[in-house]
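Below is one structure, written out as structure tokens, with a few remarks after it.
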Amino acid sequence: MSILKLEGLSKSFGGLKALRDVSIEVSELEFLGIIGPNGAGKTTLFSNIAGQLTPTSGRVVFDDTDITGWSADRVAKAGLVRTFQLMRPFESMTVLDNVAIASHQKIRSSRQARNHAADVIERVGLGEYMEKMSGTLPTAGLKRLELARALALEPKVLLLDEVLAGLVPTERAPIIELLREIHQGGVTTLFVEHIMAAVMALSERLLVMHEGTPLMIGDPQEVVNDPTVIEAYLGEDY
Amino acid sequence: MVKILIFAIMAVGWNIMSGYGGMFSFGHAAFFGIGAYSVAYLLSAHGLNPWFGMLFGAMLAAIVGTVFAFLCLRYKLEGSYFALATFAFAQMFFLLTENLEFLNRTEGINIPILQDDSWLMMQFHPTSYNYYWIGLFLLVAAVAVSIWFVHSRPGRFTTAIRDDEVAAESLGIAVLRHRLITVALSCAITAIAGGFYTQYYMFVGPNQGFGMQVSVDAIVPAVIGGVGTIWGPLIGAVVVGGLSETIADLVRNPPAGLEFLQGLSGLDVAIYAILLIIIVVFLPKGIYGTIRERLRK
Amino acid sequence: MSKTTNFSPEQTSAHPPLLKRRQTRIILATIAVAVLLVAGVYLLGGQPTRLVNQALISGVLLGGVYALVSLGLTLIFGVLHIVNFAQGAMLTLSMYTVFMLSTQAGLNPYLAAVLTIPIMFAFGWAFQAGIMNRVMGDTSHERPLLVTLGLSLLIINGLLMAFGGRPAAVESPLAGSISLFGTLVDRPRLIACLGALVVGALLTLVLRKTPLGLAIRAVAANDTGAALVGVNVKRIYAMTFGLGAVCVAVAGGLMAPFTSLIPTAGEQFTTLAFVIVVLGGLGSIPGALVGGLIVGLVQTVGSLYLPGGGSLLLVFVLFLLVLFLRPQGLFGAKQ
């Protein structure tokens, strides 16, 4: 069954149509890769789903509830959580506190929230940085921190926006492995990414966005070999 | 000494909203004045007990502050615009009191003086140590509340919002609600400092309550000590308060060779203005904030 | 509030145009509203026509002076993106400089005012180059704000130490009144208002026609970009602050003859200048001129109905309304 359903989602900024009539269904526990040239509307799509932006028209249905126009915090609490392409740590806090903020959404008690956060931090492999100030983490660490904060909310659906951007190839492999584990742990995942190797390795289905609208969706191998998709990418580096 | 305590309570209150909440207020005089006038008016016109007056003032300030902050946030006033809005807000209260008959316009309100010392009415002989104890108690309470707040769930959320509003919201934090909680708490504490001021000086006028200098007095100790830290405002208040007492002494009885200082007014503020500039330029985290950072490394 | 796209008026009008040509519509609308209001006051206000005349004239004169003080503030904001809390104190400093030059050196006050211009320019330039440039550039807007606050306290209390709190006065050789539209107009005030217009025009000319003006406008629009094409941004910052100080130097010189000179004399102008530039649009020069006129008129016409500080209260209500409803001001850049 579908856990996330987009129905005719559109978003305009003044005259610019950033999203045009996007309709997709994502089934429970699916891993959906999303690719597309720069400016295709991938991040805008996430923002409209997760509540940073309000769609101009169309509906977002999550877990049989219409969440169109919900505020971002409400969407996150409901279990639909996104990460940001640019890492946004709370710099004045330790890694543990960063994650505990998220744990606190489900857990009132401060001690339990911290314990919960510590577990998640161990899970993403940041255990040794637990008490470090989050601003001091290297890029790969910040990526893990973003994941940890999202996971601490115990999401049903995770929207990942270019988690691998800015990492060198040797740093990518362990994160890809981590994403696989998270997915297999029971989290439906939408995965916007430019690194095709990662997309092909993880995705069960692949969506291609082009000029704000879905160009094609289906089996990853078939999609990347489709002539229209290749044409859309002409001039891009793929 | 009591003056230092009043400074300190105000700075602790200001710091919650501006330091931890990241909403830089240039108009905390509004809330100080609400507290001061609540006590003065309710006591002089209706004979209400000043302890209740203080509580009432705190509640009123919290409500007024919340409504104002809601409007500011609703219309997305940030940065310089927020600072200017708070500044204008305090000025409005200043002008309003100057024009309101029941607040005695520019004359201000005198507290009716009692024959005997009274804990119930918070009034003692001007030299009584009891003012000192009450001030100290209020300060300890204010610090305790701010420590509790910073470590509480809403407090942590507030800090997260200050660090990154978008990230905080995407982690499920209701941004507006937590900002308003922070503002309410900050305004209430500042109003209590105002109420205590009235009781100590037995008088409040538009300048003492809502004057621009009051807003400055709330900001400067916190900035000098360290914005967004628990102990910064206290250290700052001691520095500023100590400085102004020392200079007051110096001006009253200048040592040999410095006779020209006799009766000179303005020296204390001029010196703390220089201190303020030096701190902001060279130690942007304040005295305590800088020391803490050095120790951490 | 729910849709946090994290914009602030500062960002939406992050680079407000210092000068903008096509604002005819706003100007016409503003004039129309003002004319309607004035007509209302004449016809329905229940005040003698002579009083209204007087209020209008003094409102315009007052507005001219306000505009001049605000011009400096808006210029500094437009380029440096900081709010100068010391604008009023710098105004007081200029007035005391004129006072010193005219009483100690026996100069004509208007000649003293001219001499104050380079002094204040140097002061503003040195303050920006020596201190403010150290706190610019990071994302925090509070540090520059706090430094200007410190400067304001320092000037006011420095003057208090030097001159004491007793009011001083500068005698204008042109004191007296002339008759204008059947009302008496104080001559020094008329001169001040005309001076404001001249300085406003000169400033516009400098910004439009000179290489310095071009560089200033470039930095105002995009300081990183300006740096990339070889503009020394910190130098432009210092020049701009100097020009902002020149505005108050002229204002101070022209106002000294009709101001009771105390160290806090300028403080109210800081507040009013904030109101005016927000009204006109932070960083907009025509905005500062129109905003100055509006505030001057609101104050004098309002005082026909609200005696004492009541009309000033009206000004603040106007301010908060504008802040909430049109934070970019009348002439600020639209989103």
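All residue names refer to the structure tokens as shown: chains lettered A, B, ... in order, residues numbered from 1 in each chain, ligands numbered from 1 in order.
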For range 228-237 of chain C, list every protein, DNA or RNA residue within 7 Å, evaluated using only C-alpha atoms, and leave out those in the same chain fewer than 3 positions away; present the list as a VMD selection string. chain C and resid 80 128 133 215 to 216 219 223 to 225 240 to 241
If you keep N, CA, C and O atoms, can you produce a file of those selected residues as a PDB file, in the first residue's frame?
```
ATOM      1  N   LEU C  80      26.059  49.808   4.464  1.00  0.00           N
ATOM      2  CA  LEU C  80      26.700  48.942   5.451  1.00  0.00           C
ATOM      3  C   LEU C  80      25.738  47.928   6.068  1.00  0.00           C
ATOM      4  O   LEU C  80      26.151  47.021   6.773  1.00  0.00           O
ATOM      5  N   GLN C 128      34.534  54.398  11.505  1.00  0.00           N
ATOM      6  CA  GLN C 128      34.275  53.201  10.708  1.00  0.00           C
ATOM      7  C   GLN C 128      35.572  52.449  10.415  1.00  0.00           C
ATOM      8  O   GLN C 128      35.654  51.238  10.581  1.00  0.00           O
ATOM      9  N   ASN C 133      34.899  48.611  11.177  1.00  0.00           N
ATOM     10  CA  ASN C 133      35.298  47.621  10.179  1.00  0.00           C
ATOM     11  C   ASN C 133      35.723  46.303  10.808  1.00  0.00           C
ATOM     12  O   ASN C 133      35.732  45.276  10.160  1.00  0.00           O
ATOM     13  N   ALA C 215      30.954  53.535  -6.842  1.00  0.00           N
ATOM     14  CA  ALA C 215      31.491  52.482  -5.974  1.00  0.00           C
ATOM     15  C   ALA C 215      30.569  52.249  -4.783  1.00  0.00           C
ATOM     16  O   ALA C 215      30.312  51.109  -4.390  1.00  0.00           O
ATOM     17  N   ILE C 216      30.048  53.331  -4.215  1.00  0.00           N
ATOM     18  CA  ILE C 216      29.145  53.184  -3.065  1.00  0.00           C
ATOM     19  C   ILE C 216      27.906  52.414  -3.472  1.00  0.00           C
ATOM     20  O   ILE C 216      27.467  51.497  -2.776  1.00  0.00           O
ATOM     21  N   VAL C 219      28.738  48.745  -3.827  1.00  0.00           N
ATOM     22  CA  VAL C 219      28.859  48.048  -2.543  1.00  0.00           C
ATOM     23  C   VAL C 219      27.480  47.850  -1.921  1.00  0.00           C
ATOM     24  O   VAL C 219      27.181  46.799  -1.351  1.00  0.00           O
ATOM     25  N   ASP C 223      28.230  43.662  -1.925  1.00  0.00           N
ATOM     26  CA  ASP C 223      29.606  43.988  -1.539  1.00  0.00           C
ATOM     27  C   ASP C 223      30.614  42.941  -2.016  1.00  0.00           C
ATOM     28  O   ASP C 223      31.721  43.286  -2.402  1.00  0.00           O
ATOM     29  N   THR C 224      30.191  41.682  -2.055  1.00  0.00           N
ATOM     30  CA  THR C 224      31.111  40.667  -2.552  1.00  0.00           C
ATOM     31  C   THR C 224      31.438  40.915  -4.015  1.00  0.00           C
ATOM     32  O   THR C 224      32.597  40.860  -4.437  1.00  0.00           O
ATOM     33  N   GLY C 225      30.388  41.193  -4.760  1.00  0.00           N
ATOM     34  CA  GLY C 225      30.568  41.466  -6.178  1.00  0.00           C
ATOM     35  C   GLY C 225      31.461  42.678  -6.407  1.00  0.00           C
ATOM     36  O   GLY C 225      32.354  42.659  -7.257  1.00  0.00           O
ATOM     37  N   THR C 240      31.429  55.991   3.364  1.00  0.00           N
ATOM     38  CA  THR C 240      29.984  56.109   3.541  1.00  0.00           C
ATOM     39  C   THR C 240      29.647  56.603   4.940  1.00  0.00           C
ATOM     40  O   THR C 240      28.799  57.479   5.123  1.00  0.00           O
ATOM     41  N   PHE C 241      30.321  56.029   5.933  1.00  0.00           N
ATOM     42  CA  PHE C 241      30.057  56.477   7.293  1.00  0.00           C
ATOM     43  C   PHE C 241      30.438  57.953   7.425  1.00  0.00           C
ATOM     44  O   PHE C 241      29.750  58.736   8.081  1.00  0.00           O
TER      45      PHE C 241
END
```
Please report, as JSON lines, each residue of range 110-206 of chain C lying at most 12 Å from range 13-25 of chain B, together with the nearest pair of atoms and the separation in Å rounded to one decimal; use only C-alpha atoms, and order rows by chain and ascending residue number.
```
{"residue": "C:Ser140", "atom": "CA", "partner": "B:Gly22", "partner_atom": "CA", "distance": 10.4}
{"residue": "C:His141", "atom": "CA", "partner": "B:Phe24", "partner_atom": "CA", "distance": 9.6}
{"residue": "C:Glu142", "atom": "CA", "partner": "B:Phe24", "partner_atom": "CA", "distance": 7.5}
{"residue": "C:Arg143", "atom": "CA", "partner": "B:Phe24", "partner_atom": "CA", "distance": 10.9}
{"residue": "C:Leu145", "atom": "CA", "partner": "B:Phe24", "partner_atom": "CA", "distance": 10.4}
{"residue": "C:Leu146", "atom": "CA", "partner": "B:Phe24", "partner_atom": "CA", "distance": 10.7}
```
Near chain B, meaning an atom within 6 Å, which residues of chain C appear when counting only C-alpha atoms? Write them as a VMD selection string. chain C and resid 1 8 147 150 153 to 154 157 160 to 161 324
Suppose we keep all heavy atoms; can you now write the selection as a PDB file, in the first residue's frame?
```
ATOM      1  N   MET C   1       3.384  32.098  10.103  1.00  0.00           N
ATOM      2  CA  MET C   1       4.675  31.734  10.700  1.00  0.00           C
ATOM      3  C   MET C   1       5.024  30.305  10.356  1.00  0.00           C
ATOM      4  O   MET C   1       6.159  29.882  10.424  1.00  0.00           O
ATOM      5  CB  MET C   1       4.546  31.897  12.230  1.00  0.00           C
ATOM      6  CG  MET C   1       5.875  31.858  12.959  1.00  0.00           C
ATOM      7  SD  MET C   1       7.020  33.063  12.272  1.00  0.00           S
ATOM      8  CE  MET C   1       8.548  32.272  12.731  1.00  0.00           C
ATOM      9  N   SER C   8      13.705  37.492   5.885  1.00  0.00           N
ATOM     10  CA  SER C   8      13.423  38.637   6.727  1.00  0.00           C
ATOM     11  C   SER C   8      13.320  39.814   5.798  1.00  0.00           C
ATOM     12  O   SER C   8      13.802  39.755   4.673  1.00  0.00           O
ATOM     13  CB  SER C   8      14.559  38.851   7.710  1.00  0.00           C
ATOM     14  OG  SER C   8      15.701  39.225   7.016  1.00  0.00           O
ATOM     15  N   VAL C 147      28.171  48.476  19.006  1.00  0.00           N
ATOM     16  CA  VAL C 147      29.286  49.433  18.981  1.00  0.00           C
ATOM     17  C   VAL C 147      28.755  50.854  18.778  1.00  0.00           C
ATOM     18  O   VAL C 147      29.199  51.792  19.443  1.00  0.00           O
ATOM     19  CB  VAL C 147      30.302  49.061  17.888  1.00  0.00           C
ATOM     20  CG1 VAL C 147      31.370  50.139  17.758  1.00  0.00           C
ATOM     21  CG2 VAL C 147      30.962  47.737  18.213  1.00  0.00           C
ATOM     22  N   GLY C 150      27.392  52.007  21.957  1.00  0.00           N
ATOM     23  CA  GLY C 150      28.478  52.431  22.834  1.00  0.00           C
ATOM     24  C   GLY C 150      28.971  53.821  22.454  1.00  0.00           C
ATOM     25  O   GLY C 150      29.180  54.673  23.319  1.00  0.00           O
ATOM     26  N   LEU C 153      26.529  56.466  23.697  1.00  0.00           N
ATOM     27  CA  LEU C 153      26.674  56.726  25.140  1.00  0.00           C
ATOM     28  C   LEU C 153      27.942  57.534  25.404  1.00  0.00           C
ATOM     29  O   LEU C 153      27.953  58.451  26.227  1.00  0.00           O
ATOM     30  CB  LEU C 153      26.749  55.405  25.912  1.00  0.00           C
ATOM     31  CG  LEU C 153      25.501  54.536  25.902  1.00  0.00           C
ATOM     32  CD1 LEU C 153      25.786  53.191  26.559  1.00  0.00           C
ATOM     33  CD2 LEU C 153      24.369  55.238  26.633  1.00  0.00           C
ATOM     34  N   LEU C 154      28.984  57.181  24.679  1.00  0.00           N
ATOM     35  CA  LEU C 154      30.273  57.850  24.894  1.00  0.00           C
ATOM     36  C   LEU C 154      30.182  59.328  24.521  1.00  0.00           C
ATOM     37  O   LEU C 154      30.630  60.198  25.271  1.00  0.00           O
ATOM     38  CB  LEU C 154      31.340  57.150  24.052  1.00  0.00           C
ATOM     39  CG  LEU C 154      32.772  57.613  24.264  1.00  0.00           C
ATOM     40  CD1 LEU C 154      33.195  57.431  25.708  1.00  0.00           C
ATOM     41  CD2 LEU C 154      33.717  56.843  23.346  1.00  0.00           C
ATOM     42  N   ASN C 157      27.879  61.293  27.043  1.00  0.00           N
ATOM     43  CA  ASN C 157      28.455  61.500  28.369  1.00  0.00           C
ATOM     44  C   ASN C 157      29.779  62.252  28.319  1.00  0.00           C
ATOM     45  O   ASN C 157      30.120  62.950  29.270  1.00  0.00           O
ATOM     46  CB  ASN C 157      28.589  60.162  29.086  1.00  0.00           C
ATOM     47  CG  ASN C 157      27.231  59.628  29.477  1.00  0.00           C
ATOM     48  OD1 ASN C 157      26.669  60.051  30.466  1.00  0.00           O
ATOM     49  ND2 ASN C 157      26.680  58.737  28.663  1.00  0.00           N
ATOM     50  N   LEU C 160      28.635  65.681  28.228  1.00  0.00           N
ATOM     51  CA  LEU C 160      28.157  66.026  29.571  1.00  0.00           C
ATOM     52  C   LEU C 160      29.336  66.398  30.457  1.00  0.00           C
ATOM     53  O   LEU C 160      29.287  67.352  31.237  1.00  0.00           O
ATOM     54  CB  LEU C 160      27.407  64.830  30.154  1.00  0.00           C
ATOM     55  CG  LEU C 160      26.634  65.055  31.451  1.00  0.00           C
ATOM     56  CD1 LEU C 160      25.546  66.092  31.254  1.00  0.00           C
ATOM     57  CD2 LEU C 160      26.029  63.745  31.931  1.00  0.00           C
ATOM     58  N   MET C 161      30.415  65.642  30.344  1.00  0.00           N
ATOM     59  CA  MET C 161      31.605  65.938  31.154  1.00  0.00           C
ATOM     60  C   MET C 161      32.224  67.272  30.746  1.00  0.00           C
ATOM     61  O   MET C 161      32.651  68.052  31.580  1.00  0.00           O
ATOM     62  CB  MET C 161      32.644  64.827  30.988  1.00  0.00           C
ATOM     63  CG  MET C 161      32.292  63.569  31.755  1.00  0.00           C
ATOM     64  SD  MET C 161      33.688  62.469  31.898  1.00  0.00           S
ATOM     65  CE  MET C 161      33.847  61.862  30.273  1.00  0.00           C
ATOM     66  N   PHE C 324       4.885  46.599  10.444  1.00  0.00           N
ATOM     67  CA  PHE C 324       4.155  45.341  10.324  1.00  0.00           C
ATOM     68  C   PHE C 324       3.583  45.148   8.931  1.00  0.00           C
ATOM     69  O   PHE C 324       3.621  44.060   8.379  1.00  0.00           O
ATOM     70  CB  PHE C 324       3.017  45.281  11.349  1.00  0.00           C
ATOM     71  CG  PHE C 324       3.525  45.110  12.759  1.00  0.00           C
ATOM     72  CD1 PHE C 324       2.865  45.686  13.821  1.00  0.00           C
ATOM     73  CD2 PHE C 324       4.665  44.366  13.011  1.00  0.00           C
ATOM     74  CE1 PHE C 324       3.334  45.527  15.115  1.00  0.00           C
ATOM     75  CE2 PHE C 324       5.140  44.207  14.296  1.00  0.00           C
ATOM     76  CZ  PHE C 324       4.471  44.787  15.354  1.00  0.00           C
TER      77      PHE C 324
END
```
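The strand (DSSP E or B) portion of range 49-211 of chain C consists of Ala168, Ser177, Ile178, Ser179, Leu180, Thr183, Leu184, Val185 and Asp186 of chain C, with states taken from DSSP on the backbone.
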Select all residues from chain A having any atom no more than 9 Å from an atom of chain C (counting only C-alpha atoms, ignoring ligands), output as a list in words. Gly51, Gln52, Leu53, Thr54, Gly69, Trp70, Ser71, Ala72 and Asp73 of chain A
Once you count only C-alpha atoms, what closest atom pair and distance in Å to one decimal does each residue of chain B within 9 Å of chain A have, with rows by chain and rising residue number, as a Markdown table?
```
| residue | atom | partner | partner_atom | distance |
| --- | --- | --- | --- | --- |
| B:His151 | CA | A:Ser110 | CA | 8.6 |
| B:Ser152 | CA | A:Ser110 | CA | 7.7 |
| B:Arg153 | CA | A:His104 | CA | 7.1 |
| B:Arg156 | CA | A:Ile101 | CA | 6.8 |
| B:Phe157 | CA | A:Ile101 | CA | 6.5 |
| B:Thr159 | CA | A:Ser92 | CA | 8.1 |
| B:Ala160 | CA | A:Phe90 | CA | 5.7 |
| B:Ile161 | CA | A:Phe90 | CA | 8.3 |
| B:Arg162 | CA | A:Phe90 | CA | 8.3 |
| B:Asp163 | CA | A:Phe90 | CA | 5.0 |
| B:Asp164 | CA | A:Phe90 | CA | 6.1 |
| B:Val166 | CA | A:Gln52 | CA | 7.9 |
| B:Ala167 | CA | A:Arg88 | CA | 6.1 |
| B:Ala168 | CA | A:Asp73 | CA | 8.0 |
| B:Glu169 | CA | A:Asp73 | CA | 4.8 |
| B:Ser170 | CA | A:Ala72 | CA | 5.4 |
| B:Leu171 | CA | A:Ala102 | CA | 5.8 |
| B:Gly172 | CA | A:Asp73 | CA | 3.6 |
| B:Ile173 | CA | A:Asp73 | CA | 5.2 |
| B:Ala174 | CA | A:Asp73 | CA | 5.6 |
| B:Val175 | CA | A:Asp73 | CA | 7.9 |
```
Excluding range 176-184 of chain A and residues on its chain fewer than 6 positions from it, collect all residues at most 8 Å away from it, counting only C-alpha atoms, and give them as a PyMOL selection string. chain A and resi 29+31+124+198+202
Grab the CA of Pro144 in chain C to CA of Gly225 in chain B distance for me, in Å with one decimal place. 17.6 Å
Out of range 55-227 of chain C, which residues get helix (DSSP H, G or I) from DSSP, as a PyMOL selection string? chain C and resi 55-80+87-103+109-135+142-163+187-209+211-221+223-227
Between C:Leu37, C:Leu159, C:Ala196, C:Leu207, which one has atoms that come closest to Ala89 in chain C, using only C-alpha atoms? C:Leu159
Long-range neighbours of Arg217 in chain C as a PDB file with N, CA and C atoms, in the first residue's frame, 10 Å cut-off, only C-alpha atoms, 2 positions minimum in chain:
```pdb
ATOM      1  N   HIS C  15      19.156  44.509  -0.552  1.00  0.00           N
ATOM      2  CA  HIS C  15      19.939  45.516  -1.228  1.00  0.00           C
ATOM      3  C   HIS C  15      19.010  46.574  -1.770  1.00  0.00           C
ATOM      4  N   PRO C  17      17.541  49.839  -3.154  1.00  0.00           N
ATOM      5  CA  PRO C  17      18.177  50.788  -4.057  1.00  0.00           C
ATOM      6  C   PRO C  17      18.383  52.108  -3.335  1.00  0.00           C
ATOM      7  N   LEU C  18      19.594  52.611  -3.332  1.00  0.00           N
ATOM      8  CA  LEU C  18      19.832  53.906  -2.730  1.00  0.00           C
ATOM      9  C   LEU C  18      19.031  54.964  -3.477  1.00  0.00           C
ATOM     10  N   LEU C  19      19.004  54.789  -4.761  1.00  0.00           N
ATOM     11  CA  LEU C  19      18.266  55.710  -5.609  1.00  0.00           C
ATOM     12  C   LEU C  19      17.478  54.855  -6.574  1.00  0.00           C
ATOM     13  N   GLY C  78      21.900  51.662   3.952  1.00  0.00           N
ATOM     14  CA  GLY C  78      21.845  51.171   2.585  1.00  0.00           C
ATOM     15  C   GLY C  78      23.145  50.511   2.157  1.00  0.00           C
ATOM     16  N   VAL C  79      24.258  51.026   2.640  1.00  0.00           N
ATOM     17  CA  VAL C  79      25.545  50.513   2.195  1.00  0.00           C
ATOM     18  C   VAL C  79      26.112  49.487   3.182  1.00  0.00           C
ATOM     19  N   LEU C 207      26.145  60.485  -5.549  1.00  0.00           N
ATOM     20  CA  LEU C 207      25.916  59.056  -5.745  1.00  0.00           C
ATOM     21  C   LEU C 207      25.703  58.716  -7.214  1.00  0.00           C
ATOM     22  N   ARG C 208      25.065  59.622  -7.946  1.00  0.00           N
ATOM     23  CA  ARG C 208      24.745  59.324  -9.342  1.00  0.00           C
ATOM     24  C   ARG C 208      25.916  59.561 -10.273  1.00  0.00           C
ATOM     25  N   PRO C 211      32.617  58.829  -9.448  1.00  0.00           N
ATOM     26  CA  PRO C 211      33.143  57.463  -9.327  1.00  0.00           C
ATOM     27  C   PRO C 211      32.933  56.923  -7.911  1.00  0.00           C
ATOM     28  N   LEU C 212      33.107  57.799  -6.891  1.00  0.00           N
ATOM     29  CA  LEU C 212      32.870  57.364  -5.520  1.00  0.00           C
ATOM     30  C   LEU C 212      31.425  56.892  -5.356  1.00  0.00           C
ATOM     31  N   GLY C 213      30.502  57.673  -5.937  1.00  0.00           N
ATOM     32  CA  GLY C 213      29.094  57.319  -5.849  1.00  0.00           C
ATOM     33  C   GLY C 213      28.830  55.973  -6.501  1.00  0.00           C
ATOM     34  N   LEU C 214      29.475  55.759  -7.630  1.00  0.00           N
ATOM     35  CA  LEU C 214      29.304  54.488  -8.330  1.00  0.00           C
ATOM     36  C   LEU C 214      29.776  53.337  -7.453  1.00  0.00           C
ATOM     37  N   ALA C 215      30.954  53.535  -6.842  1.00  0.00           N
ATOM     38  CA  ALA C 215      31.491  52.482  -5.974  1.00  0.00           C
ATOM     39  C   ALA C 215      30.569  52.249  -4.783  1.00  0.00           C
ATOM     40  N   VAL C 219      28.738  48.745  -3.827  1.00  0.00           N
ATOM     41  CA  VAL C 219      28.859  48.048  -2.543  1.00  0.00           C
ATOM     42  C   VAL C 219      27.480  47.850  -1.921  1.00  0.00           C
ATOM     43  N   ALA C 220      26.614  48.862  -2.068  1.00  0.00           N
ATOM     44  CA  ALA C 220      25.274  48.744  -1.510  1.00  0.00           C
ATOM     45  C   ALA C 220      24.527  47.594  -2.159  1.00  0.00           C
ATOM     46  N   ALA C 221      24.709  47.439  -3.466  1.00  0.00           N
ATOM     47  CA  ALA C 221      23.977  46.399  -4.174  1.00  0.00           C
ATOM     48  C   ALA C 221      24.537  45.017  -3.862  1.00  0.00           C
ATOM     49  N   ASN C 222      25.844  44.908  -3.780  1.00  0.00           N
ATOM     50  CA  ASN C 222      26.443  43.593  -3.564  1.00  0.00           C
ATOM     51  C   ASN C 222      27.906  43.768  -3.213  1.00  0.00           C
ATOM     52  N   ASP C 223      28.230  43.662  -1.925  1.00  0.00           N
ATOM     53  CA  ASP C 223      29.606  43.988  -1.539  1.00  0.00           C
ATOM     54  C   ASP C 223      30.614  42.941  -2.016  1.00  0.00           C
ATOM     55  N   ALA C 226      31.230  43.713  -5.597  1.00  0.00           N
ATOM     56  CA  ALA C 226      32.028  44.930  -5.734  1.00  0.00           C
ATOM     57  C   ALA C 226      33.492  44.627  -5.450  1.00  0.00           C
ATOM     58  N   ILE C 236      35.182  51.955   1.168  1.00  0.00           N
ATOM     59  CA  ILE C 236      33.866  52.513   0.835  1.00  0.00           C
ATOM     60  C   ILE C 236      32.998  52.597   2.087  1.00  0.00           C
TER      61      ILE C 236
END
```
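Minimum atom-to-atom distances from A:Arg111, A:Glu211, A:Val60, A:Thr43 to Lys17 in chain A were compared using only C-alpha atoms, and the lowest value belongs to A:Glu211.
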Near range 213-222 of chain A, within 10 Å and counting only C-alpha atoms, which residues show up once chain neighbours fewer than 2 positions away are dropped, as a PyMOL selection string? chain A and resi 8-10+17-24+32-36+40-42+45+199-211+224-229+232
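Going from CA of Ala40 in chain B to CA of Leu306 in chain C covers 26.2 Å.
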Compile the contact shell of Ala237 in chain B as a PyMOL selection string: residues with an atom at most 9 Å away, counting only C-alpha atoms, same-chain residues fewer than 5 positions apart removed. chain B and resi 4-9+11+220-222+224-225+232+242
Close residues, Gln268 in chain C itself excluded, 12 Å, only C-alpha atoms, min 4 positions apart in chain, as a short mmCIF file (atom, residue, chain, number, x, y, z; two decimals) with C-alpha atoms, in the first residue's frame:
```
data_model
loop_
_atom_site.label_atom_id
_atom_site.label_comp_id
_atom_site.auth_asym_id
_atom_site.auth_seq_id
_atom_site.Cartn_x
_atom_site.Cartn_y
_atom_site.Cartn_z
CA ALA B 88 10.07 51.90 19.25
CA GLN B 91 9.46 54.54 23.38
CA LEU B 95 5.26 58.58 25.64
CA GLY B 211 13.58 55.54 29.53
CA MET B 212 15.98 54.41 26.83
CA TYR C 66 14.30 65.43 10.06
CA VAL C 69 19.31 63.63 9.86
CA PHE C 85 22.37 54.15 16.95
CA ALA C 86 24.75 57.06 17.32
CA GLN C 87 23.15 59.20 14.63
CA GLY C 88 21.48 61.48 17.17
CA ALA C 89 24.57 61.71 19.35
CA LEU C 91 24.12 65.34 15.60
CA THR C 92 24.64 66.70 19.11
CA ILE C 262 22.16 69.93 25.91
CA PRO C 263 24.16 66.69 25.59
CA THR C 264 20.98 64.68 25.06
CA LEU C 272 12.71 59.89 14.88
CA ALA C 273 15.27 59.09 12.23
CA PHE C 274 14.57 55.37 12.75
CA VAL C 275 10.90 56.01 12.23
CA GLY C 309 3.85 64.30 23.53
CA LEU C 312 4.81 61.95 18.91
#
```
